[in-house]
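One structure below.
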Amino acid sequence: MELREFTRHDFDGFGGAERWPDSEPLLAEGTFEDGMRWVLVLDRQGACLVCDDAQSAFGGYGLARPFRSAAEARAFAASLGDPKTRGYFFIAGFTAI
């Protein structure tokens, strides 16, 4: 999974994301094996996953786990590997918002 720092445009879509004192929130995009697209946002308060599914209308899936630094968030994302299904995120603790 490749992460990048937020751009000004990303804050338009994810305005509630909180930056770290020395870094912007992080964002990754991908596609599951079944072709479903997803976006993952990591910030100081945890993570948000939005997929091309019905749950996206309600805000997607959240992970209530504060990340003390961007490095900690990056390590968490690396632990997810290359997610093939939403199940990878559910096992990591994401729940419907």
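To be explicit about the labels: the chains of the structure tokens are called A, B, and onward in the order shown, and within each one the residues are counted from 1, while ligands get numbers from 1 in the order they are shown.
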**Report entry** Distance query segment 77-86 of chain A at most 10 Å, only C-alpha atoms, self and fewer than 3 positions along chain excluded, as a PyMOL selection string
**Finding:** chain A and resi 1-3+26+28+30-36+38+40+42+47+49+51+61+71-74+89-92+94
Could you take the residues named above and write them with N, CA and C atoms, as a PDB file, in the first residue's frame?
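The resulting part29.pdb:
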ATOM      1  N   MET A   1       0.848  -1.166   0.000  1.00  0.00           N
ATOM      2  CA  MET A   1       0.000   0.000   0.000  1.00  0.00           C
ATOM      3  C   MET A   1       0.901   1.238   0.000  1.00  0.00           C
ATOM      4  N   GLU A   2       0.628   2.134  -0.911  1.00  0.00           N
ATOM      5  CA  GLU A   2       1.419   3.347  -1.015  1.00  0.00           C
ATOM      6  C   GLU A   2       0.654   4.523  -0.404  1.00  0.00           C
ATOM      7  N   LEU A   3       1.251   5.161   0.586  1.00  0.00           N
ATOM      8  CA  LEU A   3       0.647   6.314   1.248  1.00  0.00           C
ATOM      9  C   LEU A   3       1.273   7.603   0.740  1.00  0.00           C
ATOM     10  N   LEU A  26      -2.499  11.193   6.075  1.00  0.00           N
ATOM     11  CA  LEU A  26      -2.042  10.321   4.999  1.00  0.00           C
ATOM     12  C   LEU A  26      -3.228   9.722   4.251  1.00  0.00           C
ATOM     13  N   ALA A  28      -4.285   6.740   1.056  1.00  0.00           N
ATOM     14  CA  ALA A  28      -3.929   5.679   0.116  1.00  0.00           C
ATOM     15  C   ALA A  28      -5.175   5.336  -0.683  1.00  0.00           C
ATOM     16  N   GLY A  30      -6.765   2.332  -3.606  1.00  0.00           N
ATOM     17  CA  GLY A  30      -6.518   1.032  -4.193  1.00  0.00           C
ATOM     18  C   GLY A  30      -7.773   0.401  -4.752  1.00  0.00           C
ATOM     19  N   THR A  31      -7.604  -0.815  -5.216  1.00  0.00           N
ATOM     20  CA  THR A  31      -8.699  -1.595  -5.789  1.00  0.00           C
ATOM     21  C   THR A  31      -8.606  -3.015  -5.242  1.00  0.00           C
ATOM     22  N   PHE A  32      -9.733  -3.529  -4.736  1.00  0.00           N
ATOM     23  CA  PHE A  32      -9.786  -4.908  -4.262  1.00  0.00           C
ATOM     24  C   PHE A  32      -9.814  -5.867  -5.457  1.00  0.00           C
ATOM     25  N   GLU A  33      -9.630  -7.157  -5.170  1.00  0.00           N
ATOM     26  CA  GLU A  33      -9.636  -8.178  -6.221  1.00  0.00           C
ATOM     27  C   GLU A  33     -10.903  -8.150  -7.060  1.00  0.00           C
ATOM     28  N   ASP A  34     -12.034  -7.804  -6.439  1.00  0.00           N
ATOM     29  CA  ASP A  34     -13.311  -7.804  -7.165  1.00  0.00           C
ATOM     30  C   ASP A  34     -13.542  -6.529  -7.979  1.00  0.00           C
ATOM     31  N   GLY A  35     -12.564  -5.632  -8.009  1.00  0.00           N
ATOM     32  CA  GLY A  35     -12.674  -4.397  -8.780  1.00  0.00           C
ATOM     33  C   GLY A  35     -13.199  -3.213  -7.994  1.00  0.00           C
ATOM     34  N   MET A  36     -13.617  -3.428  -6.737  1.00  0.00           N
ATOM     35  CA  MET A  36     -14.134  -2.339  -5.910  1.00  0.00           C
ATOM     36  C   MET A  36     -12.989  -1.406  -5.523  1.00  0.00           C
ATOM     37  N   TRP A  38     -11.223   1.741  -3.333  1.00  0.00           N
ATOM     38  CA  TRP A  38     -11.241   2.175  -1.936  1.00  0.00           C
ATOM     39  C   TRP A  38     -10.259   3.318  -1.720  1.00  0.00           C
ATOM     40  N   LEU A  40      -8.273   5.125   1.774  1.00  0.00           N
ATOM     41  CA  LEU A  40      -7.967   5.026   3.193  1.00  0.00           C
ATOM     42  C   LEU A  40      -7.330   6.335   3.646  1.00  0.00           C
ATOM     43  N   LEU A  42      -5.591   8.152   7.068  1.00  0.00           N
ATOM     44  CA  LEU A  42      -5.018   7.962   8.401  1.00  0.00           C
ATOM     45  C   LEU A  42      -4.658   9.329   8.966  1.00  0.00           C
ATOM     46  N   ALA A  47      -8.446   6.079  11.583  1.00  0.00           N
ATOM     47  CA  ALA A  47      -8.479   5.848  10.143  1.00  0.00           C
ATOM     48  C   ALA A  47      -9.914   5.777   9.641  1.00  0.00           C
ATOM     49  N   LEU A  49     -11.998   4.350   6.081  1.00  0.00           N
ATOM     50  CA  LEU A  49     -11.965   3.623   4.816  1.00  0.00           C
ATOM     51  C   LEU A  49     -13.277   3.877   4.097  1.00  0.00           C
ATOM     52  N   CYS A  51     -15.223   2.808   0.564  1.00  0.00           N
ATOM     53  CA  CYS A  51     -15.212   1.897  -0.574  1.00  0.00           C
ATOM     54  C   CYS A  51     -16.374   2.235  -1.505  1.00  0.00           C
ATOM     55  N   TYR A  61     -16.112   3.167   6.770  1.00  0.00           N
ATOM     56  CA  TYR A  61     -15.699   2.352   7.910  1.00  0.00           C
ATOM     57  C   TYR A  61     -14.633   3.118   8.700  1.00  0.00           C
ATOM     58  N   ALA A  71       4.621   8.346  11.321  1.00  0.00           N
ATOM     59  CA  ALA A  71       5.405   7.104  11.228  1.00  0.00           C
ATOM     60  C   ALA A  71       4.620   5.926  11.790  1.00  0.00           C
ATOM     61  N   GLU A  72       3.902   6.141  12.889  1.00  0.00           N
ATOM     62  CA  GLU A  72       3.083   5.075  13.467  1.00  0.00           C
ATOM     63  C   GLU A  72       1.946   4.703  12.507  1.00  0.00           C
ATOM     64  N   ALA A  73       1.349   5.696  11.879  1.00  0.00           N
ATOM     65  CA  ALA A  73       0.282   5.429  10.916  1.00  0.00           C
ATOM     66  C   ALA A  73       0.820   4.670   9.706  1.00  0.00           C
ATOM     67  N   ARG A  74       1.992   5.045   9.254  1.00  0.00           N
ATOM     68  CA  ARG A  74       2.614   4.345   8.123  1.00  0.00           C
ATOM     69  C   ARG A  74       2.915   2.885   8.471  1.00  0.00           C
ATOM     70  N   PHE A  89      -9.375  -5.123   6.208  1.00  0.00           N
ATOM     71  CA  PHE A  89      -9.617  -3.973   7.081  1.00  0.00           C
ATOM     72  C   PHE A  89     -10.476  -4.370   8.287  1.00  0.00           C
ATOM     73  N   PHE A  90     -11.443  -5.243   8.074  1.00  0.00           N
ATOM     74  CA  PHE A  90     -12.302  -5.672   9.183  1.00  0.00           C
ATOM     75  C   PHE A  90     -11.488  -6.424  10.231  1.00  0.00           C
ATOM     76  N   ILE A  91     -10.578  -7.266   9.798  1.00  0.00           N
ATOM     77  CA  ILE A  91      -9.712  -8.007  10.730  1.00  0.00           C
ATOM     78  C   ILE A  91      -8.850  -7.033  11.526  1.00  0.00           C
ATOM     79  N   ALA A  92      -8.465  -5.913  10.914  1.00  0.00           N
ATOM     80  CA  ALA A  92      -7.636  -4.907  11.589  1.00  0.00           C
ATOM     81  C   ALA A  92      -8.456  -4.037  12.560  1.00  0.00           C
ATOM     82  N   PHE A  94     -11.572  -2.261  11.669  1.00  0.00           N
ATOM     83  CA  PHE A  94     -12.490  -1.284  11.081  1.00  0.00           C
ATOM     84  C   PHE A  94     -13.934  -1.747  11.248  1.00  0.00           C
TER      85      PHE A  94
END
Report task. Identify all residues of chain A in helix (DSSP H, G or I) (DSSP on the backbone) and supply them as a list in words. Result ->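 Helix (DSSP H, G or I) assignments inside chain A correspond to Arg8, His9, Asp10, Phe11, Asp12, Gly13, Ala54, Gln55, Ser56, Ala57, Phe58, Ala70, Ala71, Glu72, Ala73, Arg74, Ala75, Phe76, Ala77, Ala78, Ser79, Leu80, Gly87, Tyr88, Phe89, Phe90 and Ile91 of chain A.
Near Phe58 of chain A, within a cut-off of 10 Å and counting only C-alpha atoms, sit the residues Val50, Ala54, Ala96 and Ile97 of chain A, with same-chain residues fewer than 4 positions away left out.
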Query - Pairwise distance for atom CA of Thr7 of chain A and atom CA of Ser23 of chain A, rounded to one decimal in Å - result: 11.4 Å
Report task. Could you give me, as number ranges by chain, each residue of segment 4-60 of chain A that DSSP assigns to strand (DSSP E or B) when run on this structure's backbone? Result -> A: 4-5, 20, 23, 26-31, 37-43, 46-51
Residue subset to file, keeping N, CA and C atoms, as a PDB file, in the first residue's frame:
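Generated output (out_12.pdb):
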ATOM      1  N   ARG A   4       0.468   8.661   0.767  1.00  0.00           N
ATOM      2  CA  ARG A   4       0.990   9.987   0.467  1.00  0.00           C
ATOM      3  C   ARG A   4       0.370  10.977   1.432  1.00  0.00           C
ATOM      4  N   GLU A   5       1.026  12.117   1.620  1.00  0.00           N
ATOM      5  CA  GLU A   5       0.474  13.154   2.479  1.00  0.00           C
ATOM      6  C   GLU A   5      -0.684  13.846   1.774  1.00  0.00           C
ATOM      7  N   TRP A  20      -0.758  15.925  12.154  1.00  0.00           N
ATOM      8  CA  TRP A  20       0.187  15.819  13.255  1.00  0.00           C
ATOM      9  C   TRP A  20       0.961  17.126  13.318  1.00  0.00           C
ATOM     10  N   SER A  23       3.341  16.803  10.327  1.00  0.00           N
ATOM     11  CA  SER A  23       2.987  16.092   9.106  1.00  0.00           C
ATOM     12  C   SER A  23       1.495  16.203   8.814  1.00  0.00           C
ATOM     13  N   LEU A  26      -2.499  11.193   6.075  1.00  0.00           N
ATOM     14  CA  LEU A  26      -2.042  10.321   4.999  1.00  0.00           C
ATOM     15  C   LEU A  26      -3.228   9.722   4.251  1.00  0.00           C
ATOM     16  N   LEU A  27      -3.028   9.437   2.969  1.00  0.00           N
ATOM     17  CA  LEU A  27      -4.084   8.895   2.133  1.00  0.00           C
ATOM     18  C   LEU A  27      -3.508   7.810   1.238  1.00  0.00           C
ATOM     19  N   ALA A  28      -4.285   6.740   1.056  1.00  0.00           N
ATOM     20  CA  ALA A  28      -3.929   5.679   0.116  1.00  0.00           C
ATOM     21  C   ALA A  28      -5.175   5.336  -0.683  1.00  0.00           C
ATOM     22  N   GLU A  29      -4.983   4.911  -1.916  1.00  0.00           N
ATOM     23  CA  GLU A  29      -6.082   4.485  -2.774  1.00  0.00           C
ATOM     24  C   GLU A  29      -5.739   3.126  -3.355  1.00  0.00           C
ATOM     25  N   GLY A  30      -6.765   2.332  -3.606  1.00  0.00           N
ATOM     26  CA  GLY A  30      -6.518   1.032  -4.193  1.00  0.00           C
ATOM     27  C   GLY A  30      -7.773   0.401  -4.752  1.00  0.00           C
ATOM     28  N   THR A  31      -7.604  -0.815  -5.216  1.00  0.00           N
ATOM     29  CA  THR A  31      -8.699  -1.595  -5.789  1.00  0.00           C
ATOM     30  C   THR A  31      -8.606  -3.015  -5.242  1.00  0.00           C
ATOM     31  N   ARG A  37     -13.184  -0.105  -5.766  1.00  0.00           N
ATOM     32  CA  ARG A  37     -12.177   0.901  -5.417  1.00  0.00           C
ATOM     33  C   ARG A  37     -12.322   1.298  -3.954  1.00  0.00           C
ATOM     34  N   TRP A  38     -11.223   1.741  -3.333  1.00  0.00           N
ATOM     35  CA  TRP A  38     -11.241   2.175  -1.936  1.00  0.00           C
ATOM     36  C   TRP A  38     -10.259   3.318  -1.720  1.00  0.00           C
ATOM     37  N   VAL A  39     -10.534   4.102  -0.661  1.00  0.00           N
ATOM     38  CA  VAL A  39      -9.660   5.187  -0.218  1.00  0.00           C
ATOM     39  C   VAL A  39      -9.499   5.036   1.289  1.00  0.00           C
ATOM     40  N   LEU A  40      -8.273   5.125   1.774  1.00  0.00           N
ATOM     41  CA  LEU A  40      -7.967   5.026   3.193  1.00  0.00           C
ATOM     42  C   LEU A  40      -7.330   6.335   3.646  1.00  0.00           C
ATOM     43  N   VAL A  41      -7.844   6.906   4.746  1.00  0.00           N
ATOM     44  CA  VAL A  41      -7.284   8.113   5.335  1.00  0.00           C
ATOM     45  C   VAL A  41      -6.818   7.772   6.748  1.00  0.00           C
ATOM     46  N   LEU A  42      -5.591   8.152   7.068  1.00  0.00           N
ATOM     47  CA  LEU A  42      -5.018   7.962   8.401  1.00  0.00           C
ATOM     48  C   LEU A  42      -4.658   9.329   8.966  1.00  0.00           C
ATOM     49  N   ASP A  43      -5.067   9.572  10.220  1.00  0.00           N
ATOM     50  CA  ASP A  43      -4.725  10.842  10.860  1.00  0.00           C
ATOM     51  C   ASP A  43      -4.498  10.623  12.347  1.00  0.00           C
ATOM     52  N   GLY A  46      -7.233   8.289  14.053  1.00  0.00           N
ATOM     53  CA  GLY A  46      -7.458   6.922  13.616  1.00  0.00           C
ATOM     54  C   GLY A  46      -7.474   6.832  12.107  1.00  0.00           C
ATOM     55  N   ALA A  47      -8.446   6.079  11.583  1.00  0.00           N
ATOM     56  CA  ALA A  47      -8.479   5.848  10.143  1.00  0.00           C
ATOM     57  C   ALA A  47      -9.914   5.777   9.641  1.00  0.00           C
ATOM     58  N   CYS A  48     -10.069   6.089   8.380  1.00  0.00           N
ATOM     59  CA  CYS A  48     -11.365   6.013   7.712  1.00  0.00           C
ATOM     60  C   CYS A  48     -11.158   5.326   6.371  1.00  0.00           C
ATOM     61  N   LEU A  49     -11.998   4.350   6.081  1.00  0.00           N
ATOM     62  CA  LEU A  49     -11.965   3.623   4.816  1.00  0.00           C
ATOM     63  C   LEU A  49     -13.277   3.877   4.097  1.00  0.00           C
ATOM     64  N   VAL A  50     -13.190   4.332   2.861  1.00  0.00           N
ATOM     65  CA  VAL A  50     -14.386   4.526   2.040  1.00  0.00           C
ATOM     66  C   VAL A  50     -14.229   3.653   0.803  1.00  0.00           C
ATOM     67  N   CYS A  51     -15.223   2.808   0.564  1.00  0.00           N
ATOM     68  CA  CYS A  51     -15.212   1.897  -0.574  1.00  0.00           C
ATOM     69  C   CYS A  51     -16.374   2.235  -1.505  1.00  0.00           C
TER      70      CYS A  51
END
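For the choices A:Ala70, A:Ala75, A:Phe14, A:Ala64, the atom-to-atom distance to Thr95 of chain A is smallest for A:Ala64 when using only C-alpha atoms.
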